[in-house]
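A short worksheet on the structure shown next.
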Amino acid sequence: MEMKKMIPLFMDYCMSRQLRPKTMLSYEQANRLFALWLEESEGVKHVEEVKEMHVRRYIVELQTRGKYTFTSNIRSRDINHPDRRTDYSEKEKSP
């Protein structure tokens with residue numbers, strides 16, 4: 001199954017667990033960003049293709065480049081100005 005189709009199912013599960021709305025938004029965003037990274041960086045679109053190495057690479061990527069180098073949409077990036085953060089990679093600042 002495609003990662004993007006699994007996210008709503010996971011969110012339904014979170015809702016059934018009565019998680020707080022802010023927690024659910026955070027989980028949804030984190031999962032969307034991971035799915036986007038998997039597709040763009042690793043060419044992985046389906047849950048069945050995700051391996052431990054992909055998760056480890058993503059964690060390393062977040063640690064080295066900063067967690068704001070991937071955004072789920074341009075509007076979010078423009079509002080949050082990741083380029084102003086000290087943990088934002090220099091190579092991400094250049095056009």
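For the structure tokens, the naming scheme is as follows: chains receive sequential letters (A, B, ...) according to their order of presentation, residues are indexed from 1 within each chain, and ligands are indexed from 1 in presentation order.
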- Task: Would you mind listing what lies within 12 Å of Arg32 of chain A as a list of chain:residue names, with only C-alpha atoms counted and same-chain residues fewer than 2 positions away left out?
- Result: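 Everything that qualifies: A:Glu2, A:Met3, A:Lys4, A:Lys5, A:Met6, A:Ile7, A:Pro8, A:Phe10, A:Met11, A:Leu25, A:Ser26, A:Tyr27, A:Glu28, A:Gln29, A:Ala30, A:Phe34, A:Ala35, A:Leu36, A:Trp37, A:Leu38, A:Glu39, A:Lys45, A:Phe70, A:Thr71, A:Ser72, A:Asn73.
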Write out, as a CSV table (one decimal), in the first residue's frame, the residues just selected, with N, CA and C atoms.
chain,number,residue,atom,x,y,z
A,2,GLU,N,0.4,2.3,-0.7
A,2,GLU,CA,1.2,3.5,-0.8
A,2,GLU,C,1.3,4.2,0.6
A,3,MET,N,2.4,4.8,0.9
A,3,MET,CA,2.6,5.4,2.2
A,3,MET,C,1.5,6.5,2.4
A,4,LYS,N,1.3,7.3,1.3
A,4,LYS,CA,0.3,8.4,1.5
A,4,LYS,C,-1.1,7.9,1.8
A,5,LYS,N,-1.4,6.7,1.4
A,5,LYS,CA,-2.7,6.1,1.7
A,5,LYS,C,-2.8,5.5,3.1
A,6,MET,N,-1.6,5.2,3.7
A,6,MET,CA,-1.5,4.7,5.0
A,6,MET,C,-1.7,5.8,6.1
A,7,ILE,N,-1.3,7.0,5.8
A,7,ILE,CA,-1.4,8.0,6.8
A,7,ILE,C,-2.8,8.3,7.3
A,8,PRO,N,-3.8,8.4,6.5
A,8,PRO,CA,-5.1,8.5,7.0
A,8,PRO,C,-5.6,7.4,7.9
A,10,PHE,N,-3.6,5.6,9.8
A,10,PHE,CA,-2.9,5.8,11.0
A,10,PHE,C,-3.5,6.9,11.9
A,11,MET,N,-4.0,7.9,11.2
A,11,MET,CA,-4.7,9.0,11.9
A,11,MET,C,-6.0,8.5,12.5
A,25,LEU,N,-1.9,16.3,14.9
A,25,LEU,CA,-1.3,17.1,13.9
A,25,LEU,C,0.2,16.9,13.7
A,26,SER,N,0.9,16.8,14.8
A,26,SER,CA,2.3,16.6,14.8
A,26,SER,C,2.6,15.2,14.2
A,27,TYR,N,1.9,14.2,14.6
A,27,TYR,CA,2.1,12.8,14.0
A,27,TYR,C,1.8,12.8,12.5
A,28,GLU,N,0.7,13.5,12.1
A,28,GLU,CA,0.4,13.5,10.7
A,28,GLU,C,1.5,14.2,9.9
A,29,GLN,N,1.9,15.4,10.4
A,29,GLN,CA,3.0,16.1,9.7
A,29,GLN,C,4.3,15.3,9.6
A,30,ALA,N,4.7,14.7,10.7
A,30,ALA,CA,5.9,13.9,10.7
A,30,ALA,C,5.8,12.7,9.7
A,34,PHE,N,8.0,12.2,6.3
A,34,PHE,CA,8.8,11.0,6.1
A,34,PHE,C,8.4,10.4,4.7
A,35,ALA,N,7.1,10.3,4.4
A,35,ALA,CA,6.7,9.8,3.2
A,35,ALA,C,7.2,10.5,2.0
A,36,LEU,N,7.2,11.9,2.1
A,36,LEU,CA,7.8,12.7,1.0
A,36,LEU,C,9.2,12.5,0.9
A,37,TRP,N,10.0,12.4,2.0
A,37,TRP,CA,11.4,12.1,1.9
A,37,TRP,C,11.7,10.8,1.3
A,38,LEU,N,10.9,9.7,1.7
A,38,LEU,CA,11.1,8.4,1.1
A,38,LEU,C,10.9,8.4,-0.4
A,39,GLU,N,9.9,9.1,-0.8
A,39,GLU,CA,9.6,9.1,-2.3
A,39,GLU,C,10.7,9.9,-3.0
A,45,LYS,N,7.7,4.3,-2.4
A,45,LYS,CA,6.4,4.8,-2.4
A,45,LYS,C,5.4,3.9,-1.5
A,70,PHE,N,12.9,19.5,4.9
A,70,PHE,CA,11.8,19.1,4.1
A,70,PHE,C,10.5,19.7,4.7
A,71,THR,N,9.7,20.2,3.9
A,71,THR,CA,8.4,20.7,4.3
A,71,THR,C,7.3,20.0,3.5
A,72,SER,N,6.1,19.9,4.2
A,72,SER,CA,5.0,19.2,3.5
A,72,SER,C,4.4,20.1,2.4
A,73,ASN,N,4.6,21.4,2.6
A,73,ASN,CA,4.1,22.4,1.6
A,73,ASN,C,4.9,23.7,1.6
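Residue nearest Met1 of chain A, chosen from A:Leu33, A:Met24, A:Met15, A:Val50 and counting only C-alpha atoms: A:Val50.
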- Record the distance separating atom CA of Val55 of chain A and atom CA of Leu9 of chain A, expressed in Å with one decimal.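 Interatomic distance, atom CA of Val55 of chain A to atom CA of Leu9 of chain A: 20.0 Å.
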- Name the residues in contact with Tyr58 of chain A at a cut-off of 10 Å, using only C-alpha atoms, excluding same-chain residues fewer than 5 positions from it; report them as a ChimeraX atom specification. /A:34,37-38,41-42,52-53,63-64,67
- Message: Rounded to one decimal, what separation in Å do you get between atom CA of Val47 of chain A and atom CA of Tyr13 of chain A?
- Response: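 A separation of 16.7 Å between them.
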